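A.B. asks: I'd like to ask you about the structure that follows.
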Amino acid sequence: MGKITETPEKYSISIFEKYIFGIMGKKAIYYELTKLPNEYSIYIDIELINVVIDFVVIGPTGIYCITAKSHEVTLGYNGVELTKWKQPFEENFLNQANSEASILKKYLHIKLNKYFDIVPVLVFTSRFAKIAFDLEPINNVFVIQNKWLIKLITKRPHILDINEIKAIENVIQ
């Protein structure tokens, strides 16, 4: 056995739990996304500049930048940021989702010389998360539970034609 140089107390079990819940949450989203019609493409862990986007979905209804969250909380909104049980999160998830969407938009503009609207989506995968925002964006971000993901993506108007979709897919791959 190797020499142990760090004590286990230094590492919080919550870090490990967050990691495991994060993986499980991403798998839940992936499973849900596989229910999309064939005209949609799903990309996982897209690395752009200094960010990794959990999922990018491209299809006739647009481009979706999806961020996975596995928190088991009652979500609220204080006019600036999302809250958990009426307290702000440690990080601003709305800013994170908007920032990732903005980076993707700039990347596509550089590669294709065209601006595309990117739909930022925060998906809370825990069935215990309480969300009461329906399918209305908050600060331009859709905040939903996993079970609403397909409806959000497929029920929006078609805005991309097949040539645009193919061009975007070629750049993302």
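By order in the structure tokens, chains are A, B, ...; within a chain, residues start at 1; ligands start at 1, following the order shown.
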Select from chain A everything DSSP, run on the backbone, classes as alpha helix (DSSP H), then give the selection as a count of residues only.
C.D. replies: 58
A.B. asks: Give me, as number ranges by chain, all polymer residues having an atom no more than 7 Å from A:Thr125, counting only C-alpha atoms and skipping those fewer than 6 positions away in the same chain.
C.D. replies: A: 25, 28, 69-70, 145-146
A.B. asks: Here is a test: counting only C-alpha atoms, which residue of A:Glu32, A:Glu90, A:Glu100, A:Glu81 is nearest to A:Val51?
C.D. replies: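 With only C-alpha atoms as the atom set, the closest residue is A:Glu100.
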A.B. asks: I'd like the contact shell of stretch 59-67 of chain A - 6 Å cut-off, only C-alpha atoms, skipping same-chain residues fewer than 3 positions apart - returned as a VMD selection string.
C.D. replies: chain A and resid 39 to 40 54 to 56 101 118 to 122 156 to 160
A.B. asks: Taking the chain letters and numbering used in this document, name the residues of stretch 43-168 of chain A that DSSP puts in strand (DSSP E or B), as a ChimeraX atom specification.
C.D. replies: /A:43-48,51-59,62-69,74-77,82-84,87-88,118-124,130,138,141-145
A.B. asks: Compare A:Thr83, A:Thr154, A:Asn113, A:Asn140 by their minimum atom-to-atom distance to A:Ala167, counting only C-alpha atoms, and give me the closest one.
C.D. replies: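 Counting only C-alpha atoms, the residue closest to A:Ala167 is A:Asn113.
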A.B. asks: What does the distance from atom CA of A:Asn92 to atom CA of A:Val171 come to in Å, to one decimal?
C.D. replies: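 For atom CA of A:Asn92 relative to atom CA of A:Val171, the distance reads 28.9 Å.
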A.B. asks: Would you compute the distance between atom CA of A:Leu94 and atom CA of A:Lys26? Give it in Å to one decimal.
C.D. replies: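 Straight-line distance from atom CA of A:Leu94 to atom CA of A:Lys26 works out to 18.2 Å.
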A.B. asks: When you count only C-alpha atoms, which of these residues is closest to A:Lys155: A:Ile172, A:Ile110, A:Leu36, A:Val73?
C.D. replies: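 Of A:Ile172, A:Ile110, A:Leu36, A:Val73, the one nearest A:Lys155 is A:Leu36, counting only C-alpha atoms.
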A.B. asks: Quick one: distance from atom CA of A:Ile131 to atom CA of A:Leu75 in Å, one decimal?
C.D. replies: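 Interatomic distance here is 5.5 Å.
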A.B. asks: Which is closest to A:Trp148 among A:Lys35, A:Met24, A:Glu91, A:Lys166, if we use only C-alpha atoms?
C.D. replies: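 Closest residue, counting only C-alpha atoms: A:Lys35.
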A.B. asks: Given only C-alpha atoms as the basis, pick out the residue of A:Leu112, A:Ile42, A:Glu164, A:Lys84 nearest to A:Glu72.
C.D. replies: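 Checking each of A:Leu112, A:Ile42, A:Glu164, A:Lys84 against A:Glu72, counting only C-alpha atoms, the winner is A:Lys84.
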A.B. asks: Do you know which residues are at most 10 Å from A:Ile138 counting only C-alpha atoms, after dropping those on the same chain fewer than 4 positions away, and could you put them as a ChimeraX atom specification?
C.D. replies: /A:77,79-82,94,121,133,142-143
